[in-house]
Each structure stands twice: as structure tokens, then as C-alpha cells.
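Engineer: My structure is stored as run-v1.tsv, with TSV, C-alpha atoms and all ligand atoms.
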chain	number	residue	atom	x	y	z
A	210	MET	CA	73.01	76.36	110.64
A	211	ARG	CA	71.93	77.93	113.94
A	212	ILE	CA	74.76	79.89	115.57
A	213	ALA	CA	74.67	81.37	119.08
A	214	ILE	CA	76.98	84.38	119.46
A	215	ALA	CA	77.85	84.90	123.14
A	216	GLY	CA	78.64	88.62	123.42
A	217	GLY	CA	76.90	89.24	120.09
A	218	THR	CA	76.38	92.94	120.78
A	219	GLY	CA	80.02	93.66	121.61
A	220	VAL	CA	82.69	95.21	119.37
A	221	VAL	CA	83.61	91.93	117.65
A	222	GLY	CA	80.46	89.96	118.51
A	223	SER	CA	78.21	92.32	116.56
A	224	TYR	CA	80.38	91.88	113.44
A	225	ALA	CA	80.27	88.09	113.94
A	226	ALA	CA	76.46	88.26	114.21
A	227	ASP	CA	76.30	90.33	110.99
A	228	ALA	CA	78.66	87.93	109.18
A	229	ALA	CA	76.61	84.92	110.30
A	230	GLU	CA	73.37	86.51	109.09
A	231	ASP	CA	74.98	87.50	105.78
A	232	ALA	CA	76.07	83.87	105.32
A	233	GLY	CA	72.44	82.76	105.77
A	234	HIS	CA	72.77	81.32	109.28
A	235	ASP	CA	70.12	81.60	111.94
A	236	VAL	CA	71.61	83.78	114.72
A	237	VAL	CA	70.89	83.77	118.46
A	238	VAL	CA	72.57	86.48	120.54
A	239	LEU	CA	73.55	85.59	124.12
A	240	THR	CA	73.97	88.75	126.20
A	241	ARG	CA	72.55	89.98	129.48
A	242	HIS	CA	70.68	92.61	127.49
A	243	SER	CA	68.92	89.83	125.57
A	244	GLY	CA	68.06	88.02	128.83
A	245	VAL	CA	70.94	85.51	128.97
A	246	ASP	CA	73.59	85.77	131.68
A	247	VAL	CA	76.36	83.34	130.71
A	248	MET	CA	78.10	83.91	134.06
A	249	THR	CA	75.12	82.83	136.23
A	250	GLY	CA	73.60	80.57	133.56
A	251	GLU	CA	70.27	82.42	133.66
A	252	GLY	CA	68.35	81.86	130.42
A	253	LEU	CA	71.25	79.96	128.84
A	254	THR	CA	69.80	76.46	128.39
A	255	ALA	CA	66.59	77.75	126.80
A	256	ALA	CA	68.54	80.07	124.45
A	257	LEU	CA	70.69	77.17	123.18
A	258	ASP	CA	67.71	75.12	122.01
A	259	GLY	CA	68.42	73.96	118.43
A	260	VAL	CA	71.83	75.67	118.30
A	261	ASP	CA	74.57	73.90	116.27
A	262	VAL	CA	77.60	76.06	117.09
A	263	ILE	CA	78.44	78.58	119.84
A	264	VAL	CA	80.83	81.47	119.12
A	265	ASP	CA	82.26	82.87	122.38
A	266	ALA	CA	82.97	86.60	121.99
A	267	LEU	CA	82.17	87.51	125.60
A	268	ASN	CA	84.19	90.10	127.43
A	269	LEU	CA	84.61	91.61	130.86
A	270	PHE	CA	87.47	94.00	131.46
A	271	SER	CA	88.56	94.38	135.05
A	272	LEU	CA	91.83	95.54	136.55
A	273	LYS	CA	91.34	92.83	139.17
A	274	GLY	CA	92.77	89.57	137.84
A	275	SER	CA	90.57	87.45	140.10
A	276	VAL	CA	87.41	89.03	138.64
A	277	SER	CA	88.50	88.51	135.01
A	278	LYS	CA	89.64	84.96	135.71
A	279	ALA	CA	86.37	83.99	137.41
A	280	PHE	CA	84.44	85.52	134.49
A	281	PHE	CA	86.33	83.85	131.63
A	282	ALA	CA	86.75	80.43	133.28
A	283	THR	CA	83.14	80.25	134.49
A	284	THR	CA	81.51	81.48	131.26
A	285	ALA	CA	83.63	79.07	129.17
A	286	ARG	CA	82.61	76.17	131.40
A	287	ASN	CA	78.93	77.22	131.39
A	288	LEU	CA	78.88	77.41	127.59
A	289	GLN	CA	80.47	73.96	127.36
A	290	GLU	CA	78.10	72.34	129.86
A	291	ALA	CA	74.85	74.00	128.76
A	292	GLY	CA	75.85	73.50	125.11
A	293	ASN	CA	76.44	69.80	125.72
A	294	ARG	CA	73.01	69.42	127.36
A	295	ALA	CA	71.39	71.24	124.41
A	296	GLY	CA	73.09	69.09	121.73
A	297	VAL	CA	75.45	71.80	120.42
A	298	ARG	CA	78.32	70.23	118.44
A	299	HIS	CA	81.07	72.87	118.37
A	300	VAL	CA	82.32	75.89	120.36
A	301	VAL	CA	84.53	78.55	118.73
A	302	THR	CA	86.28	80.80	121.25
A	303	LEU	CA	88.01	84.09	120.54
A	304	SER	CA	91.34	84.62	122.27
A	305	ILE	CA	94.50	86.71	121.86
A	306	VAL	CA	97.81	86.12	120.03
A	307	GLY	CA	100.97	85.90	122.14
A	308	MET	CA	99.52	85.92	125.65
A	309	GLU	CA	102.10	83.47	127.04
A	310	GLY	CA	104.72	86.13	126.33
A	311	VAL	CA	103.13	88.46	128.91
A	312	PRO	CA	102.30	85.96	131.66
A	313	ARG	CA	101.95	88.43	134.54
A	314	TYR	CA	99.28	90.54	132.89
A	315	PRO	CA	96.10	89.49	134.77
A	316	TYR	CA	93.73	89.80	131.80
A	317	TYR	CA	95.88	87.41	129.74
A	318	ALA	CA	96.06	84.92	132.62
A	319	ALA	CA	92.25	85.04	132.64
A	320	LYS	CA	92.07	84.48	128.87
A	321	LEU	CA	94.44	81.49	129.19
A	322	ALA	CA	92.06	80.07	131.84
A	323	GLN	CA	89.21	80.59	129.35
A	324	GLU	CA	91.10	78.68	126.64
A	325	ALA	CA	91.83	75.83	129.07
A	326	ALA	CA	88.18	75.60	130.22
A	327	THR	CA	87.01	75.61	126.59
A	328	GLN	CA	89.45	72.91	125.56
A	329	ARG	CA	88.53	70.76	128.57
A	330	GLY	CA	85.20	70.11	126.81
A	331	PRO	CA	83.04	68.08	126.69
A	332	LEU	CA	82.24	69.78	123.35
A	333	PRO	CA	84.85	69.93	120.57
A	334	ALA	CA	86.42	73.38	120.48
A	335	THR	CA	88.23	75.66	118.07
A	336	ILE	CA	90.27	78.63	119.32
A	337	LEU	CA	90.81	81.72	117.18
A	338	ARG	CA	93.58	83.91	118.56
A	339	ALA	CA	93.50	87.42	117.10
A	340	THR	CA	95.86	90.35	117.62
A	341	GLN	CA	94.54	93.67	119.01
A	342	PHE	CA	91.63	95.09	117.03
A	343	HIS	CA	91.93	98.32	115.01
A	344	GLU	CA	89.23	99.39	117.49
A	345	PHE	CA	91.48	98.61	120.49
A	346	PRO	CA	93.10	102.08	120.85
A	347	ALA	CA	89.60	103.60	120.92
A	348	GLN	CA	88.49	101.00	123.48
A	349	VAL	CA	91.45	101.96	125.71
A	350	MET	CA	90.59	105.66	125.34
A	351	GLN	CA	86.97	104.97	126.28
A	352	LEU	CA	88.26	103.50	129.55
A	353	SER	CA	91.16	105.87	130.26
A	354	HIS	CA	89.82	109.24	129.14
A	355	ARG	CA	89.75	111.67	132.08
A	356	GLY	CA	89.20	115.39	131.44
A	357	PRO	CA	91.62	116.73	128.82
A	358	VAL	CA	93.84	113.62	128.65
A	359	ALA	CA	93.61	109.93	127.69
A	360	PHE	CA	96.47	107.59	128.57
A	361	VAL	CA	97.25	104.76	126.13
A	362	PRO	CA	100.07	102.24	126.71
A	363	HIS	CA	102.87	101.70	124.20
A	364	ILE	CA	102.20	98.20	122.83
A	365	ARG	CA	103.78	96.76	119.68
A	366	SER	CA	100.97	95.11	117.80
A	367	GLN	CA	99.91	93.96	114.35
A	368	PRO	CA	96.23	94.93	114.68
A	369	VAL	CA	93.31	93.56	112.71
A	370	ALA	CA	89.81	94.95	112.08
A	371	ALA	CA	87.12	93.57	114.40
A	372	ARG	CA	84.91	93.09	111.32
A	373	THR	CA	87.59	90.79	109.84
A	374	VAL	CA	87.81	88.82	113.10
A	375	GLY	CA	84.01	88.42	113.14
A	376	ALA	CA	84.08	86.99	109.61
A	377	HIS	CA	86.83	84.48	110.52
A	378	LEU	CA	84.91	83.37	113.63
A	379	VAL	CA	81.91	82.55	111.44
A	380	ARG	CA	84.10	80.80	108.84
A	381	LEU	CA	85.60	78.59	111.57
A	382	ALA	CA	82.13	77.92	113.03
A	383	ALA	CA	81.17	76.26	109.74
A	384	GLU	CA	84.34	74.13	109.57
A	385	GLN	CA	85.32	70.95	111.41
A	386	PRO	CA	86.11	71.69	115.08
A	387	GLY	CA	89.63	71.62	116.49
A	388	GLY	CA	92.90	73.47	116.62
A	389	THR	CA	94.17	76.92	117.52
A	390	HIS	CA	94.29	79.42	114.66
A	391	GLU	CA	95.97	82.83	114.64
A	392	LEU	CA	94.85	85.97	112.83
A	393	ALA	CA	96.53	89.38	112.45
A	394	GLY	CA	96.31	92.48	110.29
A	395	PRO	CA	98.90	93.52	107.69
A	396	ASP	CA	101.14	95.98	109.59
A	397	VAL	CA	103.00	96.43	112.87
A	398	HIS	CA	102.21	99.59	114.88
A	399	ASP	CA	102.49	101.14	118.32
A	400	ILE	CA	99.01	101.20	119.89
A	401	ALA	CA	99.68	104.62	121.49
A	402	ASP	CA	100.51	106.06	118.04
A	403	LEU	CA	97.33	104.57	116.59
A	404	ALA	CA	95.32	106.17	119.40
A	405	LYS	CA	96.84	109.57	118.53
A	406	ARG	CA	96.00	109.04	114.84
A	407	PHE	CA	92.45	107.97	115.68
A	408	ALA	CA	91.96	111.02	117.94
A	409	LYS	CA	93.30	113.35	115.22
A	410	ALA	CA	91.17	111.79	112.46
A	411	ARG	CA	88.07	112.13	114.62
A	412	GLY	CA	88.96	115.63	115.89
A	413	LEU	CA	88.69	114.52	119.53
A	414	SER	CA	89.10	117.33	122.04
A	415	PHE	CA	91.37	115.51	124.50
A	416	ARG	CA	95.12	114.88	124.24
A	417	VAL	CA	96.42	111.31	123.95
A	418	VAL	CA	99.46	110.57	126.11
A	419	GLY	CA	101.54	107.43	125.45
A	420	LEU	CA	102.19	105.45	128.61
A	421	ARG	CA	105.29	103.32	129.23
A	422	LEU	CA	103.93	100.58	131.47
A	423	PRO	CA	106.45	99.71	134.22
A	424	GLY	CA	108.41	96.52	134.83
A	425	LYS	CA	108.79	93.34	132.88
A	426	THR	CA	105.17	93.34	131.64
A	427	GLY	CA	105.62	96.82	130.15
A	428	ARG	CA	108.85	95.77	128.42
A	429	GLN	CA	107.21	92.62	127.02
A	430	LEU	CA	104.28	94.61	125.63
A	431	ARG	CA	106.61	97.20	124.03
A	432	SER	CA	109.04	94.66	122.62
A	433	GLY	CA	106.60	92.65	120.51
A	434	ALA	CA	105.44	89.73	122.68
A	435	LEU	CA	101.94	90.12	121.21
A	436	LEU	CA	103.04	90.16	117.56
A	437	ALA	CA	101.92	87.57	115.04
A	438	THR	CA	104.13	84.51	114.66
A	439	GLU	CA	104.99	82.48	111.56
A	440	GLY	CA	101.96	80.74	110.11
A	441	THR	CA	99.52	83.41	111.30
A	442	THR	CA	96.76	84.24	108.82
A	443	ILE	CA	97.10	87.88	107.73
A	444	ASP	CA	93.97	89.70	106.61
A	445	GLY	CA	93.12	93.34	105.91
A	446	PRO	CA	92.12	96.08	105.87
A	447	SER	CA	95.20	97.99	107.00
A	448	PHE	CA	94.75	100.42	109.92
A	449	ASP	CA	95.01	103.34	107.45
A	450	ALA	CA	92.21	102.00	105.26
A	451	TRP	CA	90.11	101.16	108.32
A	452	LEU	CA	90.59	104.67	109.76
A	453	GLY	CA	88.86	106.13	106.70
A	454	SER	CA	85.98	103.65	106.88
A	455	GLU	CA	82.47	103.95	108.32
A	456	ASP	CA	83.43	101.35	110.94
A	457	ALA	CA	85.98	103.77	112.43
A	458	LYS	CA	83.68	106.76	112.17
A	459	ARG	CA	80.85	105.22	114.15
A	460	ILE	CA	82.87	104.28	117.25
A	461	PRO	CA	81.36	106.25	120.16
A	462	LEU	CA	84.02	108.58	121.60
A	501	LIG	N1	89.69	94.23	121.93
A	501	LIG	C1	90.68	93.61	121.33
A	501	LIG	O1	91.59	94.24	120.78
A	501	LIG	C2	90.71	92.10	121.30
A	501	LIG	C3	91.71	91.44	120.56
A	501	LIG	C4	91.69	90.03	120.50
A	501	LIG	C5	90.70	89.31	121.18
A	501	LIG	N2	89.77	90.00	121.90
A	501	LIG	C6	88.72	89.24	122.62
A	501	LIG	O2	87.47	89.49	122.00
A	501	LIG	C7	86.44	89.22	122.95
A	501	LIG	C8	85.35	90.26	122.82
A	501	LIG	O3	85.89	91.53	123.11
A	501	LIG	P1	85.09	92.87	122.75
A	501	LIG	O4	86.01	94.00	123.02
A	501	LIG	O5	84.46	92.73	121.40
A	501	LIG	O6	83.93	92.82	123.86
A	501	LIG	P2	82.92	93.98	124.31
A	501	LIG	O7	82.74	94.97	123.22
A	501	LIG	O8	83.33	94.43	125.67
A	501	LIG	O9	81.54	93.16	124.43
A	501	LIG	C9	81.32	92.25	125.46
A	501	LIG	C10	80.05	91.47	125.17
A	501	LIG	O10	79.89	90.48	126.21
A	501	LIG	C11	78.55	90.54	126.70
A	501	LIG	N3	78.57	90.09	128.10
A	501	LIG	C12	79.35	90.53	129.12
A	501	LIG	N4	79.06	89.87	130.26
A	501	LIG	C13	78.10	88.96	129.93
A	501	LIG	C14	77.39	87.96	130.67
A	501	LIG	N5	77.61	87.76	131.98
A	501	LIG	N6	76.47	87.21	130.03
A	501	LIG	C15	76.20	87.41	128.71
A	501	LIG	N7	76.84	88.33	127.96
A	501	LIG	C16	77.77	89.10	128.57
A	501	LIG	C17	78.15	92.01	126.53
A	501	LIG	O11	76.74	92.18	126.49
A	501	LIG	P3	75.90	92.60	127.79
A	501	LIG	O12	76.66	93.69	128.48
A	501	LIG	O13	74.53	93.02	127.29
A	501	LIG	O14	75.81	91.36	128.63
A	501	LIG	C18	78.77	92.31	125.15
A	501	LIG	O15	77.91	91.84	124.12
A	501	LIG	C19	87.13	89.17	124.33
A	501	LIG	O16	87.19	87.85	124.79
A	501	LIG	C20	88.53	89.69	124.07
A	501	LIG	O17	89.49	89.12	124.90
A	501	LIG	C21	89.73	91.35	121.96
Once you've parsed the file, please lay out its structure as C-alpha cells.
Ligand SMILES: NC(=O)c1ccc[n+]([C@@H]2O[C@H](COP(=O)([O-])OP(=O)(O)OC[C@H]3O[C@@H](n4cnc5c(N)ncnc54)[C@H](OP(=O)(O)O)[C@@H]3O)[C@@H](O)[C@H]2O)c1
Structural biologist:
Amino acid sequence: MRIAIAGGTGVVGSYAADAAEDAGHDVVVLTRHSGVDVMTGEGLTAALDGVDVIVDALNLFSLKGSVSKAFFATTARNLQEAGNRAGVRHVVTLSIVGMEGVPRYPYYAAKLAQEAATQRGPLPATILRATQFHEFPAQVMQLSHRGPVAFVPHIRSQPVAARTVGAHLVRLAAEQPGGTHELAGPDVHDIADLAKRFAKARGLSFRVVGLRLPGKTGRQLRSGALLATEGTTIDGPSFDAWLGSEDAKRIPL
């Protein structure tokens, strides 16, 4: 099968690309670096030639909700439309567990718009909602690290390894399209605590400070709105096992 991984050089996309290659699929990576801009559509139609399934692992983080929303809604629509023209038969989109429970957080509103645009078709779609990655505390520190301090919000989460998410995306790509699936790791943690543990394990020079985000959104994030619900697929490794792995050691920080 020929699989196009949109965002195939990102944290989860690169694991999805590896998993697809390991499973014997032919992999096409759609990123700006590889000459495909999914937002403008540049290079997209040509890159989808002969592709059977698209995995959408694109990302753009912006504090401005309007920017994130335009990105996720437009890229989802472009993948659907260009994929339909190219004869693609299935789109698998990566999303996030529990977003409805934090409705005022602009990034989640943007991800909900992405899910809606994907499900609008015309191609059949499968949604995989994952919890925060084991890599997520490090991703937050990459963004928030200033001088001797990095601020990381207190979020109750049941995180999962990005490598595990990549493998499940590829598994779903090979199955019949349809449905929304949920995936989480084995244990519940506070993301700020995990950031401190990651920084200690890596001997990072800056101090990690846990941040209590204000208002209703902050309370929702701290009180477990993003936790896995009943019926969620649970898959390892645990954060502890992941922290000792090569995957954790090679994160640039
Ligand atoms: N982080 C988490 O804890 C978590 C949890 C659950 C779900 N998710 C979801 O997982 C997805 C991937 O997140 P991530 O953290 O793995 O992403 P990431 O590391 O930030 O990677 C983003 C990828 O998107 C590509 N990209 C960005 N803009 C593009 C454009 N206009 N055209 C083509 N490619 C573009 C980037 O490549 P170029 O820069 O070369 O274009 C890169 O390959 C997101 O949708 C996120 O919501 C994340």
C-alpha cells in the first residue's frame, strides 16, 4: 500500500513513517521541507499520485486561535479534496482525547474544526484521538524555556508514547475506514511533574516551574478533562519505561 504521511517529519509523523516502512508500505512524506505545502496546496496533487491512504499528522502551534483554526480546517479540507482528485480511498487523522471538555482552549477548537472538515469528506475518514504524548512535556519546554526557567502547565493526563501513536495510525490506515478511536498510555500523571522528571533525567540546566493556568480552562485541564474515557485503547510503554529509552534521550533540548 502507498501511504502519504502529512507531517511525516514531526514528532509523531516520523514514527508513523517508520512504522509504515517497517510494515512494508511505500511511504510519501508531505511536508514543506519535502516541497509540499498542505496549507497552500503547493505540490500536493503531484505528491498524492498513486497514494492509497493519507495519514494526517500535521501540526501548527499558535497562541492565536484564528491562526490554528485556519491551519487545521484548511489543511484537512485540502487533503480531502486533493486526495479525492488523486483517487485516495481513506484519510486517517490524528486528534486529541477529551477536547470537548476544554472548549475555550483555542488549539482544541482548531482541532475540532479539523475533525469536522475531515469528516465532511468526500473521502471516508478515520479519526484517532490520542492523549498527550510522553514527548509533550519536552515539547512545552522547547516552547516555554526562557533563560534559567521553563514554565509547564499542570495538566492531568494519561500520556502515551508518540512511537505507539505512530504505530496505531498505520494500523488504522490498513483497516476499513470509519469511526473515532481513542488511545492512551497506562498511567495518569501531572504534565508539570513529568517535565520536572524529564529535566532531571536529562540533567537540563534550567528549572521547571509548574504553572496553574487561570480560569475555567485551567481548572478543566487540572481536573482531568483530557483523561481517557471507558473503551479507550491503552498501550505502553509507561512514562517511566519511555524515560529510560533512546526515544527520550534523543529529544533535542
Ligand atoms: N503533542 C501531543 O502531545 C499530541 C497529542 C495528541 C495529538 N497530537 C496531534 O498530533 C499532531 C502532530 O503533532 P506533532 O507534535 O507530532 O507535530 P510537530 O512535531 O510539530 O510536526 C509538525 C509537522 O507538520 C509539518 N507541517 C507544518 N505545516 C505544514 C504545511 N503547511 N504543509 C506541510 N507540512 C506541514 C511539519 O513539517 P515542515 O515544517 O517541514 O512543513 C512537521 O512535519 C497534531 O495534529 C497534534 O494535535 C499531539
Engineer: Could you list, with a cut-off of 7 Å and counting only C-alpha atoms and all ligand atoms, the residues of chain A near ligand LIG 501 (chain A), each shown with its nearest atom pair and the distance in Å rounded to one decimal, rows sorted by chain and ascending number, as JSON lines?
Structural biologist:
{"residue": "A:Ala215", "atom": "CA", "partner": "A:LIG501", "partner_atom": "N7", "distance": 6.0}
{"residue": "A:Gly216", "atom": "CA", "partner": "A:LIG501", "partner_atom": "O15", "distance": 3.4}
{"residue": "A:Gly217", "atom": "CA", "partner": "A:LIG501", "partner_atom": "O15", "distance": 4.9}
{"residue": "A:Thr218", "atom": "CA", "partner": "A:LIG501", "partner_atom": "O15", "distance": 3.8}
{"residue": "A:Gly219", "atom": "CA", "partner": "A:LIG501", "partner_atom": "O9", "distance": 3.2}
{"residue": "A:Val220", "atom": "CA", "partner": "A:LIG501", "partner_atom": "O5", "distance": 3.7}
{"residue": "A:Val221", "atom": "CA", "partner": "A:LIG501", "partner_atom": "O5", "distance": 3.9}
{"residue": "A:Gly222", "atom": "CA", "partner": "A:LIG501", "partner_atom": "O5", "distance": 5.7}
{"residue": "A:Leu239", "atom": "CA", "partner": "A:LIG501", "partner_atom": "C15", "distance": 5.6}
{"residue": "A:Thr240", "atom": "CA", "partner": "A:LIG501", "partner_atom": "N7", "distance": 3.4}
{"residue": "A:Arg241", "atom": "CA", "partner": "A:LIG501", "partner_atom": "O14", "distance": 3.6}
{"residue": "A:His242", "atom": "CA", "partner": "A:LIG501", "partner_atom": "O13", "distance": 3.9}
{"residue": "A:Ser243", "atom": "CA", "partner": "A:LIG501", "partner_atom": "O13", "distance": 6.7}
{"residue": "A:Val245", "atom": "CA", "partner": "A:LIG501", "partner_atom": "C15", "distance": 5.6}
{"residue": "A:Asp246", "atom": "CA", "partner": "A:LIG501", "partner_atom": "N6", "distance": 3.6}
{"residue": "A:Val247", "atom": "CA", "partner": "A:LIG501", "partner_atom": "N6", "distance": 3.9}
{"residue": "A:Met248", "atom": "CA", "partner": "A:LIG501", "partner_atom": "N5", "distance": 4.4}
{"residue": "A:Thr249", "atom": "CA", "partner": "A:LIG501", "partner_atom": "N5", "distance": 7.0}
{"residue": "A:Ala266", "atom": "CA", "partner": "A:LIG501", "partner_atom": "C8", "distance": 4.4}
{"residue": "A:Leu267", "atom": "CA", "partner": "A:LIG501", "partner_atom": "O10", "distance": 3.8}
{"residue": "A:Asn268", "atom": "CA", "partner": "A:LIG501", "partner_atom": "C9", "distance": 4.1}
{"residue": "A:Leu269", "atom": "CA", "partner": "A:LIG501", "partner_atom": "C12", "distance": 5.6}
{"residue": "A:Leu303", "atom": "CA", "partner": "A:LIG501", "partner_atom": "C6", "distance": 5.6}
{"residue": "A:Ser304", "atom": "CA", "partner": "A:LIG501", "partner_atom": "C5", "distance": 4.9}
{"residue": "A:Ile305", "atom": "CA", "partner": "A:LIG501", "partner_atom": "C4", "distance": 4.6}
{"residue": "A:Lys320", "atom": "CA", "partner": "A:LIG501", "partner_atom": "O17", "distance": 6.6}
{"residue": "A:Arg338", "atom": "CA", "partner": "A:LIG501", "partner_atom": "C5", "distance": 6.7}
{"residue": "A:Ala339", "atom": "CA", "partner": "A:LIG501", "partner_atom": "C4", "distance": 4.7}
{"residue": "A:Thr340", "atom": "CA", "partner": "A:LIG501", "partner_atom": "C4", "distance": 5.1}
{"residue": "A:Gln341", "atom": "CA", "partner": "A:LIG501", "partner_atom": "O1", "distance": 3.5}
{"residue": "A:Phe342", "atom": "CA", "partner": "A:LIG501", "partner_atom": "O1", "distance": 3.8}
{"residue": "A:Glu344", "atom": "CA", "partner": "A:LIG501", "partner_atom": "O1", "distance": 6.6}
{"residue": "A:Phe345", "atom": "CA", "partner": "A:LIG501", "partner_atom": "O1", "distance": 4.4}
Engineer: Identify, on the basis of all atoms listed in the file, every residue whose closest approach to Thr327 in chain A does not exceed 10 Å; exclude the query and any residue fewer than 4 positions from it along the same chain; express the result as a list in words.
Structural biologist: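 In the requested format, the answer is Asp265, Phe281, Ala282, Thr283, Thr284, Ala285, Arg286, Asn287, Leu288, Gln289, Val300, Val301, Thr302, Leu321, Ala322, Gln323, Pro331, Leu332, Pro333, Ala334, Thr335 and Ile336 of chain A.
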Engineer: Using all atoms listed in the file, which protein or nucleic acid residues come within 9 Å of range 223-230 of chain A? Drop anything in the same chain fewer than 4 positions from it, and give the result as a list in words.
Structural biologist: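 Selected residues are Ile212, Ala213, Ile214, Gly216, Gly217, Thr218, Gly219, His234, Asp235, Val236, Val237, Val238, Val264, Ala266, Ala371, Arg372, Thr373, Val374, Gly375, Ala376, His377, Leu378, Val379 and Arg380 of chain A.
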Engineer: Would you be able to write out as a PyMOL selection string which residues have an atom within 12 Å of (101.4, 87.3, 134.5) in the file's coordinates, counting all atoms listed in the file?
Structural biologist: chain A and resi 274+308-321+424-427+429-430
Engineer: Show which residues sit within 12 Å of Arg421 in chain A, as a ChimeraX atom specification. Count all atoms listed in the file, and ignore same-chain residues fewer than 4 positions away.
Structural biologist: /A:360-365,399-401,425-432
Engineer: Could you work out how far CA of Val260 in chain A lies from CA of Gly296 in chain A, giving the answer in Å with one decimal?
Structural biologist: 7.5 Å
Engineer: Give me, please, the distance in Å between CA of Ala370 in chain A and CA of Arg411 in chain A, quoted to one decimal.
Structural biologist: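 Going from CA of Ala370 in chain A over to CA of Arg411 in chain A, I get 17.5 Å.
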Engineer: Smallest atom-to-atom distance to Gly233 in chain A: which of A:Leu337, A:Ala383, A:Asn293, A:Arg329, using all atoms listed in the file?
Structural biologist: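 Looking only at the distances to Gly233 in chain A, the closest residue turns out to be A:Ala383.
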Engineer: Return the single residue from A:Ala450, A:Val397, A:Leu253, A:Leu413 that is closest to Pro368 in chain A, with distances computed using only C-alpha atoms.
Structural biologist: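 Of A:Ala450, A:Val397, A:Leu253, A:Leu413, the one nearest Pro368 in chain A is A:Val397, counting only C-alpha atoms.
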